[in-house]
file model-v4.pdb (PDB, C-alpha atoms)
ATOM      1  CA  MET M 180      28.300 -31.980  27.063
ATOM      2  CA  ALA M 181      25.918 -30.647  24.452
ATOM      3  CA  LEU M 182      24.881 -32.833  21.528
ATOM      4  CA  ILE M 183      26.801 -30.694  19.062
ATOM      5  CA  ASP M 184      30.014 -31.197  21.093
ATOM      6  CA  MET M 185      29.452 -34.949  21.117
ATOM      7  CA  LEU M 186      29.013 -34.935  17.341
ATOM      8  CA  ALA M 187      32.190 -32.864  16.972
ATOM      9  CA  ALA M 188      34.050 -35.364  19.170
ATOM     10  CA  LEU M 189      32.716 -38.265  17.069
ATOM     11  CA  GLU M 190      33.834 -36.504  13.914
ATOM     12  CA  ALA M 191      37.316 -36.035  15.422
ATOM     13  CA  ALA M 192      37.699 -39.723  16.345
ATOM     14  CA  PRO M 193      40.583 -41.356  14.445
ATOM     15  CA  PHE M 194      38.349 -43.769  12.485
ATOM     16  CA  ALA M 195      36.012 -40.926  11.452
ATOM     17  CA  VAL M 196      38.932 -38.785  10.303
ATOM     18  CA  ALA M 197      40.341 -41.758   8.387
ATOM     19  CA  ILE M 198      37.036 -42.191   6.517
ATOM     20  CA  ALA M 199      36.751 -38.469   5.786
ATOM     21  CA  GLU M 200      40.320 -38.191   4.498
ATOM     22  CA  SER M 201      40.583 -41.392   2.486
ATOM     23  CA  PRO M 202      39.707 -41.091  -1.204
ATOM     24  CA  TRP M 203      38.105 -44.553  -1.306
ATOM     25  CA  LEU M 204      36.898 -45.492   2.213
ATOM     26  CA  PHE M 205      33.709 -43.426   2.130
ATOM     27  CA  PRO M 206      32.621 -44.638  -1.345
ATOM     28  CA  ALA M 207      33.432 -48.236  -0.369
ATOM     29  CA  ILE M 208      31.303 -47.976   2.784
ATOM     30  CA  GLU M 209      28.573 -46.326   0.730
ATOM     31  CA  VAL M 210      28.542 -49.268  -1.701
ATOM     32  CA  ILE M 211      28.020 -51.628   1.253
ATOM     33  CA  HIS M 212      25.303 -49.305   2.572
ATOM     34  CA  VAL M 213      23.488 -49.342  -0.785
ATOM     35  CA  ILE M 214      23.678 -53.147  -1.041
ATOM     36  CA  ALA M 215      22.383 -53.455   2.527
ATOM     37  CA  ILE M 216      19.548 -50.973   1.960
ATOM     38  CA  VAL M 217      18.299 -52.543  -1.248
ATOM     39  CA  LEU M 218      18.166 -55.903   0.572
ATOM     40  CA  VAL M 219      16.312 -54.350   3.532
ATOM     41  CA  VAL M 220      13.802 -52.580   1.305
ATOM     42  CA  GLY M 221      13.394 -55.504  -1.084
ATOM     43  CA  SER M 222      12.830 -58.094   1.636
ATOM     44  CA  ILE M 223      10.442 -55.820   3.549
ATOM     45  CA  ALA M 224       8.519 -55.021   0.364
ATOM     46  CA  MET M 225       7.977 -58.750  -0.244
ATOM     47  CA  LEU M 226       6.276 -59.068   3.137
ATOM     48  CA  ASP M 227       4.388 -55.769   2.762
ATOM     49  CA  LEU M 228       3.024 -56.768  -0.636
ATOM     50  CA  ARG M 229       1.925 -60.089   0.888
ATOM     51  CA  LEU M 230       0.190 -58.200   3.704
ATOM     52  CA  LEU M 231      -1.616 -56.249   1.003
ATOM     53  CA  GLY M 232      -2.521 -59.525  -0.698
ATOM     54  CA  VAL M 233      -0.818 -58.375  -3.914
ATOM     55  CA  SER M 234       1.935 -60.963  -4.338
ATOM     56  CA  ARG M 235       3.098 -64.329  -2.939
ATOM     57  CA  ARG M 236      -0.548 -65.221  -2.342
ATOM     58  CA  ASP M 237       0.280 -68.940  -2.450
ATOM     59  CA  GLN M 238       2.440 -68.567   0.651
ATOM     60  CA  GLY M 239       1.217 -68.098   4.219
ATOM     61  CA  VAL M 240       2.174 -64.844   5.931
ATOM     62  CA  ILE M 241       4.050 -66.751   8.663
ATOM     63  CA  GLU M 242       6.047 -68.824   6.176
ATOM     64  CA  LEU M 243       6.931 -65.748   4.138
ATOM     65  CA  ALA M 244       7.904 -63.769   7.246
ATOM     66  CA  ASN M 245      10.177 -66.617   8.358
ATOM     67  CA  GLU M 246      11.793 -66.555   4.941
ATOM     68  CA  THR M 247      12.307 -62.791   4.624
ATOM     69  CA  LEU M 248      12.922 -61.555   8.180
ATOM     70  CA  PRO M 249      16.451 -63.010   8.525
ATOM     71  CA  TRP M 250      17.353 -61.092   5.339
ATOM     72  CA  THR M 251      15.705 -57.926   6.613
ATOM     73  CA  TRP M 252      17.447 -57.973   9.993
ATOM     74  CA  GLY M 253      20.814 -59.132   8.665
ATOM     75  CA  ALA M 254      20.835 -56.428   6.009
ATOM     76  CA  PHE M 255      19.498 -53.847   8.465
ATOM     77  CA  GLY M 256      22.428 -54.542  10.802
ATOM     78  CA  LEU M 257      24.821 -54.019   7.896
ATOM     79  CA  ALA M 258      23.025 -50.816   6.831
ATOM     80  CA  LEU M 259      23.137 -49.505  10.406
ATOM     81  CA  CYS M 260      26.871 -50.163  10.839
ATOM     82  CA  SER M 261      27.839 -48.737   7.448
ATOM     83  CA  GLY M 262      25.459 -45.805   8.006
ATOM     84  CA  LEU M 263      27.021 -45.010  11.397
ATOM     85  CA  LEU M 264      30.502 -45.020   9.851
ATOM     86  CA  MET M 265      29.426 -42.596   7.109
ATOM     87  CA  PHE M 266      27.629 -40.424   9.668
ATOM     88  CA  ALA M 267      30.723 -40.307  11.899
ATOM     89  CA  SER M 268      32.877 -39.011   9.038
ATOM     90  CA  ALA M 269      30.894 -35.735   8.970
ATOM     91  CA  ALA M 270      28.608 -35.948  12.005
ATOM     92  CA  THR M 271      27.988 -32.211  12.494
ATOM     93  CA  ARG M 272      27.233 -31.719   8.805
ATOM     94  CA  TYR M 273      24.792 -34.640   8.588
ATOM     95  CA  PHE M 274      23.070 -33.530  11.769
ATOM     96  CA  ASP M 275      22.184 -30.243  10.044
ATOM     97  CA  ASN M 276      21.150 -31.985   6.812
ATOM     98  CA  ILE M 277      17.358 -31.808   6.431
ATOM     99  CA  PRO M 278      16.958 -34.935   4.229
ATOM    100  CA  PHE M 279      19.070 -36.851   6.768
ATOM    101  CA  ARG M 280      16.725 -35.778   9.570
ATOM    102  CA  VAL M 281      13.648 -36.707   7.546
ATOM    103  CA  LYS M 282      15.198 -40.103   6.792
ATOM    104  CA  MET M 283      15.811 -40.754  10.502
ATOM    105  CA  LEU M 284      12.239 -39.714  11.282
ATOM    106  CA  LEU M 285      10.900 -42.094   8.607
ATOM    107  CA  LEU M 286      13.051 -44.928  10.010
ATOM    108  CA  LEU M 287      11.566 -44.247  13.433
ATOM    109  CA  LEU M 288       8.041 -44.258  11.996
ATOM    110  CA  ALA M 289       8.749 -47.524  10.141
ATOM    111  CA  GLY M 290       9.924 -49.035  13.427
ATOM    112  CA  ILE M 291       6.854 -47.834  15.327
ATOM    113  CA  ASN M 292       4.568 -49.129  12.576
ATOM    114  CA  MET M 293       6.258 -52.544  12.731
ATOM    115  CA  ALA M 294       6.054 -52.631  16.543
ATOM    116  CA  ILE M 295       2.343 -51.777  16.537
ATOM    117  CA  PHE M 296       1.674 -54.428  13.887
ATOM    118  CA  HIS M 297       3.533 -57.092  15.846
ATOM    119  CA  LEU M 298       1.763 -56.241  19.079
ATOM    120  CA  SER M 299      -1.689 -56.146  17.455
ATOM    121  CA  ALA M 300      -2.742 -57.834  14.195
ATOM    122  CA  TYR M 301       0.279 -60.157  13.976
ATOM    123  CA  ARG M 302      -0.577 -61.748  17.340
ATOM    124  CA  SER M 303      -3.562 -63.436  15.721
ATOM    125  CA  VAL M 304      -1.768 -64.211  12.447
ATOM    126  CA  HIS M 305      -2.512 -67.931  12.906
ATOM    127  CA  HIS M 306      -6.159 -67.101  12.226
ATOM    128  CA  TRP M 307      -5.534 -65.179   9.002
ATOM    129  CA  ASN M 308      -2.260 -66.720   7.788
ATOM    130  CA  ASN M 309      -3.784 -67.828   4.477
ATOM    131  CA  GLN M 310      -6.884 -65.630   4.459
ATOM    132  CA  LEU M 311      -7.447 -63.475   1.387
ATOM    133  CA  PRO M 312      -8.148 -60.637   1.294
ATOM    134  CA  THR M 313      -5.914 -59.991   4.287
ATOM    135  CA  PRO M 314      -7.355 -58.181   7.340
ATOM    136  CA  GLY M 315      -7.618 -54.388   7.189
ATOM    137  CA  ALA M 316      -5.022 -53.929   9.942
ATOM    138  CA  ALA M 317      -2.483 -55.960   7.940
ATOM    139  CA  ARG M 318      -3.169 -53.934   4.805
ATOM    140  CA  ILE M 319      -2.767 -50.659   6.672
ATOM    141  CA  ALA M 320       0.522 -51.837   8.221
ATOM    142  CA  GLY M 321       1.793 -52.981   4.809
ATOM    143  CA  THR M 322       0.861 -49.710   3.113
ATOM    144  CA  MET M 323       2.473 -47.595   5.838
ATOM    145  CA  SER M 324       5.615 -49.718   5.806
ATOM    146  CA  LEU M 325       5.986 -49.425   2.021
ATOM    147  CA  THR M 326       5.423 -45.666   2.204
ATOM    148  CA  PHE M 327       7.988 -45.143   4.961
ATOM    149  CA  TRP M 328      10.651 -47.290   3.295
ATOM    150  CA  VAL M 329      10.202 -45.680  -0.112
ATOM    151  CA  GLY M 330      10.617 -42.382   1.759
ATOM    152  CA  VAL M 331      13.785 -43.658   3.443
ATOM    153  CA  VAL M 332      15.283 -44.388   0.006
ATOM    154  CA  PHE M 333      14.231 -40.999  -1.448
ATOM    155  CA  PHE M 334      15.483 -38.907   1.445
ATOM    156  CA  GLY M 335      18.568 -41.090   1.798
ATOM    157  CA  ARG M 336      19.495 -40.336  -1.796
ATOM    158  CA  TRP M 337      18.736 -36.655  -1.229
ATOM    159  CA  ILE M 338      21.281 -36.368   1.596
ATOM    160  CA  GLY M 339      24.074 -36.144  -0.967
ATOM    161  CA  PHE M 340      22.378 -33.397  -2.991
ATOM    162  CA  VAL M 341      22.076 -30.593  -0.421
TER
ATOM    163  CA  MET L 234      36.826 -41.242 -26.280
ATOM    164  CA  ALA L 235      37.037 -37.931 -28.183
ATOM    165  CA  ASN L 236      34.035 -38.930 -30.274
ATOM    166  CA  MET L 237      32.188 -39.928 -27.139
ATOM    167  CA  ALA L 238      32.957 -36.557 -25.538
ATOM    168  CA  ALA L 239      31.556 -34.746 -28.575
ATOM    169  CA  TRP L 240      28.530 -36.978 -28.465
ATOM    170  CA  ALA L 241      28.056 -36.292 -24.747
ATOM    171  CA  ASP L 242      28.226 -32.546 -25.433
ATOM    172  CA  ARG L 243      25.589 -32.806 -28.128
ATOM    173  CA  LEU L 244      23.351 -34.865 -25.861
ATOM    174  CA  ALA L 245      23.803 -32.333 -23.049
ATOM    175  CA  ALA L 246      22.580 -29.566 -25.378
ATOM    176  CA  THR L 247      19.277 -31.295 -26.213
ATOM    177  CA  PRO L 248      16.053 -29.819 -24.782
ATOM    178  CA  VAL L 249      15.365 -32.940 -22.660
ATOM    179  CA  SER L 250      18.821 -32.807 -21.104
ATOM    180  CA  LEU L 251      18.543 -29.069 -20.479
ATOM    181  CA  ALA L 252      15.155 -29.598 -18.856
ATOM    182  CA  ILE L 253      16.580 -32.261 -16.518
ATOM    183  CA  GLN L 254      19.612 -30.106 -15.717
ATOM    184  CA  SER L 255      17.500 -27.056 -14.890
ATOM    185  CA  HIS L 256      15.483 -28.808 -12.169
ATOM    186  CA  GLU L 257      17.547 -29.846  -9.167
ATOM    187  CA  TRP L 258      15.050 -32.405  -7.929
ATOM    188  CA  VAL L 259      14.904 -34.484 -11.117
ATOM    189  CA  ILE L 260      18.227 -36.370 -10.847
ATOM    190  CA  PRO L 261      17.842 -37.424  -7.185
ATOM    191  CA  THR L 262      14.249 -38.478  -7.894
ATOM    192  CA  ILE L 263      15.278 -40.594 -10.887
ATOM    193  CA  GLN L 264      18.129 -42.091  -8.844
ATOM    194  CA  SER L 265      15.730 -42.986  -6.036
ATOM    195  CA  ILE L 266      13.375 -44.776  -8.441
ATOM    196  CA  HIS L 267      16.448 -46.527  -9.898
ATOM    197  CA  ILE L 268      17.436 -47.686  -6.385
ATOM    198  CA  LEU L 269      13.915 -48.966  -5.646
ATOM    199  CA  ALA L 270      14.049 -51.070  -8.823
ATOM    200  CA  ILE L 271      17.508 -52.302  -7.782
ATOM    201  CA  ALA L 272      15.952 -53.319  -4.454
ATOM    202  CA  ALA L 273      13.455 -55.526  -6.312
ATOM    203  CA  VAL L 274      16.221 -57.101  -8.416
ATOM    204  CA  MET L 275      18.827 -57.599  -5.709
ATOM    205  CA  SER L 276      16.532 -59.032  -3.051
ATOM    206  CA  SER L 277      14.948 -61.424  -5.575
ATOM    207  CA  ILE L 278      18.261 -62.460  -7.123
ATOM    208  CA  ALA L 279      20.022 -62.877  -3.770
ATOM    209  CA  MET L 280      17.298 -65.204  -2.466
ATOM    210  CA  LEU L 281      16.893 -67.152  -5.720
ATOM    211  CA  ASN L 282      20.565 -67.527  -6.609
ATOM    212  CA  LEU L 283      21.628 -68.592  -3.125
ATOM    213  CA  ARG L 284      18.880 -71.211  -3.309
ATOM    214  CA  LEU L 285      20.115 -72.311  -6.745
ATOM    215  CA  ALA L 286      23.639 -72.530  -5.359
ATOM    216  CA  GLY L 287      22.269 -74.844  -2.674
ATOM    217  CA  LEU L 288      23.097 -72.488   0.185
ATOM    218  CA  ILE L 289      19.603 -71.623   1.539
ATOM    219  CA  GLY L 290      15.910 -72.581   1.477
ATOM    220  CA  HIS L 291      16.224 -76.323   0.878
ATOM    221  CA  HIS L 292      12.582 -76.934   1.725
ATOM    222  CA  GLN L 293      11.440 -74.983  -1.337
ATOM    223  CA  SER L 294      11.635 -76.135  -4.927
ATOM    224  CA  VAL L 295      13.927 -74.244  -7.278
ATOM    225  CA  ARG L 296      11.136 -73.910  -9.799
ATOM    226  CA  ASP L 297       8.694 -72.393  -7.317
ATOM    227  CA  MET L 298      11.312 -69.891  -6.258
ATOM    228  CA  ALA L 299      12.211 -69.048  -9.850
ATOM    229  CA  HIS L 300       8.519 -68.456 -10.639
ATOM    230  CA  ARG L 301       8.314 -66.135  -7.671
ATOM    231  CA  PHE L 302      11.484 -64.155  -8.167
ATOM    232  CA  LEU L 303      12.437 -64.008 -11.847
ATOM    233  CA  PRO L 304       9.345 -62.010 -12.911
ATOM    234  CA  TRP L 305      10.532 -59.231 -10.562
ATOM    235  CA  LEU L 306      13.835 -59.128 -12.411
ATOM    236  CA  TRP L 307      12.132 -58.805 -15.818
ATOM    237  CA  ARG L 308       9.703 -56.182 -14.470
ATOM    238  CA  ALA L 309      12.422 -54.142 -12.807
ATOM    239  CA  LEU L 310      14.830 -54.162 -15.767
ATOM    240  CA  PRO L 311      12.722 -51.835 -17.970
ATOM    241  CA  VAL L 312      12.394 -49.427 -15.023
ATOM    242  CA  LEU L 313      16.163 -49.550 -14.582
ATOM    243  CA  LEU L 314      16.738 -48.977 -18.292
ATOM    244  CA  ILE L 315      14.343 -46.009 -18.478
ATOM    245  CA  THR L 316      15.653 -44.328 -15.311
ATOM    246  CA  GLY L 317      19.209 -45.173 -16.393
ATOM    247  CA  CYS L 318      18.682 -43.567 -19.802
ATOM    248  CA  LEU L 319      17.216 -40.457 -18.163
ATOM    249  CA  MET L 320      20.316 -40.199 -15.980
ATOM    250  CA  ILE L 321      22.519 -40.463 -19.088
ATOM    251  CA  VAL L 322      20.502 -37.780 -20.861
ATOM    252  CA  GLY L 323      20.574 -35.553 -17.780
ATOM    253  CA  GLU L 324      24.304 -35.921 -17.147
ATOM    254  CA  PRO L 325      25.883 -37.382 -20.326
ATOM    255  CA  ALA L 326      29.532 -36.660 -19.491
ATOM    256  CA  ARG L 327      29.224 -38.112 -15.979
ATOM    257  CA  GLU L 328      28.112 -41.466 -17.414
ATOM    258  CA  LEU L 329      29.401 -41.853 -20.959
ATOM    259  CA  LEU L 330      32.954 -40.709 -20.222
ATOM    260  CA  ASN L 331      33.204 -42.848 -17.089
ATOM    261  CA  PRO L 332      34.945 -46.243 -17.296
ATOM    262  CA  PHE L 333      32.845 -47.572 -14.432
ATOM    263  CA  PHE L 334      29.667 -46.877 -16.404
ATOM    264  CA  TRP L 335      31.006 -49.074 -19.218
ATOM    265  CA  TYR L 336      32.137 -51.810 -16.790
ATOM    266  CA  LYS L 337      28.630 -51.737 -15.400
ATOM    267  CA  MET L 338      26.985 -51.988 -18.827
ATOM    268  CA  THR L 339      29.284 -54.863 -19.862
ATOM    269  CA  MET L 340      28.494 -56.827 -16.706
ATOM    270  CA  LEU L 341      24.783 -56.077 -17.051
ATOM    271  CA  LEU L 342      24.793 -57.522 -20.557
ATOM    272  CA  ALA L 343      26.744 -60.564 -19.310
ATOM    273  CA  VAL L 344      24.375 -61.219 -16.415
ATOM    274  CA  VAL L 345      21.270 -60.973 -18.617
ATOM    275  CA  LEU L 346      22.863 -63.354 -21.128
ATOM    276  CA  LEU L 347      23.607 -65.774 -18.268
ATOM    277  CA  THR L 348      20.161 -65.517 -16.695
ATOM    278  CA  LEU L 349      18.268 -66.453 -19.882
ATOM    279  CA  PRO L 350      19.810 -69.963 -20.246
ATOM    280  CA  LEU L 351      19.667 -70.368 -16.467
ATOM    281  CA  GLN L 352      15.944 -69.674 -16.534
ATOM    282  CA  ARG L 353      15.498 -72.120 -19.415
ATOM    283  CA  MET L 354      17.364 -74.879 -17.572
ATOM    284  CA  ILE L 355      15.180 -74.360 -14.500
ATOM    285  CA  GLU L 356      11.988 -74.409 -16.575
ATOM    286  CA  ASP L 357      13.206 -77.379 -18.571
ATOM    287  CA  ARG L 358      12.769 -79.943 -15.777
ATOM    288  CA  PRO L 359      12.846 -80.140 -11.964
ATOM    289  CA  PHE L 360      16.309 -79.444 -10.541
ATOM    290  CA  ARG L 361      16.731 -83.019  -9.255
ATOM    291  CA  GLU L 362      16.162 -84.496 -12.686
ATOM    292  CA  HIS L 363      19.124 -82.701 -14.202
ATOM    293  CA  ASP L 364      22.290 -84.807 -14.334
ATOM    294  CA  ALA L 365      25.068 -83.993 -11.873
ATOM    295  CA  GLY L 366      27.059 -81.963 -14.405
ATOM    296  CA  LYS L 367      24.060 -79.781 -15.250
ATOM    297  CA  ARG L 368      23.270 -79.231 -11.585
ATOM    298  CA  GLN L 369      26.842 -78.151 -10.992
ATOM    299  CA  LEU L 370      26.617 -75.775 -13.951
ATOM    300  CA  ILE L 371      23.400 -74.243 -12.608
ATOM    301  CA  ARG L 372      25.040 -73.700  -9.201
ATOM    302  CA  LEU L 373      28.067 -72.056 -10.762
ATOM    303  CA  ILE L 374      26.038 -69.735 -12.989
ATOM    304  CA  ALA L 375      23.882 -68.788  -9.998
ATOM    305  CA  LEU L 376      26.863 -67.846  -7.831
ATOM    306  CA  PHE L 377      28.662 -66.077 -10.661
ATOM    307  CA  SER L 378      25.598 -63.998 -11.588
ATOM    308  CA  LEU L 379      25.061 -62.995  -7.966
ATOM    309  CA  MET L 380      28.650 -61.736  -7.884
ATOM    310  CA  LEU L 381      28.082 -59.904 -11.155
ATOM    311  CA  TRP L 382      24.998 -58.180  -9.696
ATOM    312  CA  LEU L 383      26.996 -57.084  -6.640
ATOM    313  CA  ALA L 384      29.751 -55.791  -8.923
ATOM    314  CA  ILE L 385      27.126 -53.936 -10.988
ATOM    315  CA  VAL L 386      25.879 -52.138  -7.859
ATOM    316  CA  PHE L 387      29.493 -51.392  -6.908
ATOM    317  CA  CYS L 388      30.251 -49.842 -10.318
ATOM    318  CA  GLY L 389      26.942 -47.979 -10.323
ATOM    319  CA  ARG L 390      27.793 -46.192  -7.091
ATOM    320  CA  TRP L 391      31.425 -45.755  -8.111
ATOM    321  CA  ILE L 392      30.370 -43.735 -11.160
ATOM    322  CA  ALA L 393      29.835 -40.874  -8.711
ATOM    323  CA  TYR L 394      33.465 -41.029  -7.547
ATOM    324  CA  ALA L 395      35.502 -42.079 -10.593
TER
END
call {"tool": "encode", "arguments": {"input": "model-v4.pdb", "output": "structure tokens"}}
result
Amino acid sequence: MALIDMLAALEAAPFAVAIAESPWLFPAIEVIHVIAIVLVVGSIAMLDLRLLGVSRRDQGVIELANETLPWTWGAFGLALCSGLLMFASAATRYFDNIPFRVKMLLLLLAGINMAIFHLSAYRSVHHWNNQLPTPGAARIAGTMSLTFWVGVVFFGRWIGFV
Amino acid sequence: MANMAAWADRLAATPVSLAIQSHEWVIPTIQSIHILAIAAVMSSIAMLNLRLAGLIGHHQSVRDMAHRFLPWLWRALPVLLITGCLMIVGEPARELLNPFFWYKMTMLLAVVLLTLPLQRMIEDRPFREHDAGKRQLIRLIALFSLMLWLAIVFCGRWIAYA
């Protein structure tokens, strides 16, 4: 079965039809999505700005990460679920939506950036936990992360305008 | 409401409004900046107010957290006001004739008026040194303002559907 057929089948699923046809379900899910996204972006930005040495300089990177990551992952789970529900309600249309595709690409890049950071610079974080300025690798990871997530918000908002 | 409609029409005919209306990218860009500022507010307020309510982060002092998070609220608010005003100028009828816009503004005023005394009580003395009644009051204001912020986001998104 081709991808486009799978998307059509998803769109025809009873829950997807219910979301598409209800006057309030889609907006309600979108509200949850917005709340989840602002918490994801806000909590990630706190850590990114710390990696850049811009804010929360009195806190160690490890301590701050322990504080923010539960928020990031909890909110990300909520954003993912609400996002999937919205996607299902018009799967074929979103698949053809350029801002939607760019947003997915940016999410992927944000994930890759985070994975690389965790497998490289973050492994030795005990050595630079309180060091200022922070190591170059941490600053690069923080800058890229901020860029990708700001992009996710911009292109996410753009999905509704094309 | 008739007066407001006339006012919205006049605003829509101003050069600034016409300029915003004639460029498709302006509104989504302003909205994206608005959402980024909301991310700063919501992530800061969620973490601080849940701490004030006694629900998270017991190892950190309320004052330290307030010093970390409240400046983000006061920095983000002007950004929200400027981008918000630009959205009103760009699409006056969409905002000014919408009940959810006015619910949002009312709750925004309420939450700012609640946050100022809350901030003063926190600055006044360490949380533990407040008497039991005052501590209870702080917890209640913190939870109530967090709910107001969530309701503000809800109304903000609902403007697009009402």
call {"tool": "residues_around", "arguments": {"input": "model-v4.pdb", "residues": "Arg390 in chain L", "least_positions_apart": "2", "cutoff": "10 Å", "atoms": "only C-alpha atoms", "output": "mmCIF file with C-alpha atoms, keeping the file's coordinate frame"}}
result
data_model
loop_
_atom_site.group_PDB
_atom_site.id
_atom_site.type_symbol
_atom_site.label_atom_id
_atom_site.label_comp_id
_atom_site.auth_asym_id
_atom_site.auth_seq_id
_atom_site.Cartn_x
_atom_site.Cartn_y
_atom_site.Cartn_z
ATOM 1 C CA PRO M 206 32.621 -44.638 -1.345
ATOM 2 C CA ALA M 207 33.432 -48.236 -0.369
ATOM 3 C CA GLU M 209 28.573 -46.326 0.730
ATOM 4 C CA VAL M 210 28.542 -49.268 -1.701
ATOM 5 C CA ILE M 211 28.020 -51.628 1.253
ATOM 6 C CA VAL M 213 23.488 -49.342 -0.785
ATOM 7 C CA PHE L 333 32.845 -47.572 -14.432
ATOM 8 C CA PHE L 334 29.667 -46.877 -16.404
ATOM 9 C CA ALA L 384 29.751 -55.791 -8.923
ATOM 10 C CA ILE L 385 27.126 -53.936 -10.988
ATOM 11 C CA VAL L 386 25.879 -52.138 -7.859
ATOM 12 C CA PHE L 387 29.493 -51.392 -6.908
ATOM 13 C CA CYS L 388 30.251 -49.842 -10.318
ATOM 14 C CA ILE L 392 30.370 -43.735 -11.160
ATOM 15 C CA ALA L 393 29.835 -40.874 -8.711
ATOM 16 C CA TYR L 394 33.465 -41.029 -7.547
ATOM 17 C CA ALA L 395 35.502 -42.079 -10.593
#
call {"tool": "resolve_selection", "arguments": {"input": "model-v4.pdb", "expression": "the ChimeraX specification (/M :<10) & /L", "output": "PyMOL selection string"}}
result
chain L and resi 257-258+260-266+268-277+279-280+289-290+301-302+383-384+386-391+393-395
call {"tool": "closest_residue", "arguments": {"input": "model-v4.pdb", "among": "L:Leu329, L:Leu313, L:Ala239, L:Leu319", "to": "His267 in chain L", "atoms": "only C-alpha atoms"}}
result
L:Leu313
call {"tool": "resolve_selection", "arguments": {"input": "model-v4.pdb", "expression": "the PyMOL selection byres ((chain M and resi 289) around 12)", "output": "JSON, numbers by chain"}}
result
{"M": [220, 223, 227, 282, 283, 284, 285, 286, 287, 288, 290, 291, 292, 293, 294, 295, 296, 320, 321, 322, 323, 324, 325, 326, 327, 328, 329, 330, 331]}
call {"tool": "atom_distance", "arguments": {"input": "model-v4.pdb", "atom1": "CA of Gly256 in chain M", "atom2": "CA of Ser268 in chain M"}}
result
18.8 Å
call {"tool": "atom_distance", "arguments": {"input": "model-v4.pdb", "atom1": "CA of His363 in chain L", "atom2": "CA of Glu242 in chain M"}}
result
27.9 Å
call {"tool": "atom_distance", "arguments": {"input": "model-v4.pdb", "atom1": "CA of Asp357 in chain L", "atom2": "CA of Arg296 in chain L"}}
result
9.7 Å
call {"tool": "axis_aligned_box", "arguments": {"input": "model-v4.pdb", "around": "range 390-393 of chain L", "padding_each_side": "8 Å", "output": "lines of an AutoDock Vina configuration file"}}
result
center_x = 29.6
center_y = -43.5
center_z = -9.1
size_x = 19.6
size_y = 21.3
size_z = 20.1
call {"tool": "resolve_selection", "arguments": {"input": "model-v4.pdb", "expression": "the PyMOL selection byres ((chain L and resi 344-354) around 9)", "output": "list in words"}}
result
Ala299, Leu303, Thr339, Met340, Leu341, Leu342, Ala343, Ile355, Glu356, Asp357, Arg358, Pro359, Phe360, His363, Lys367, Ile371, Ile374, Ala375, Phe377, Ser378, Leu379, Leu381 and Trp382 of chain L
call {"tool": "residues_around", "arguments": {"input": "model-v4.pdb", "residues": "Leu204 in chain M", "least_positions_apart": "6", "cutoff": "10 Å", "atoms": "only C-alpha atoms", "output": "NGL selection string"}}
result
:M and (197-198 or 210 or 264-265)
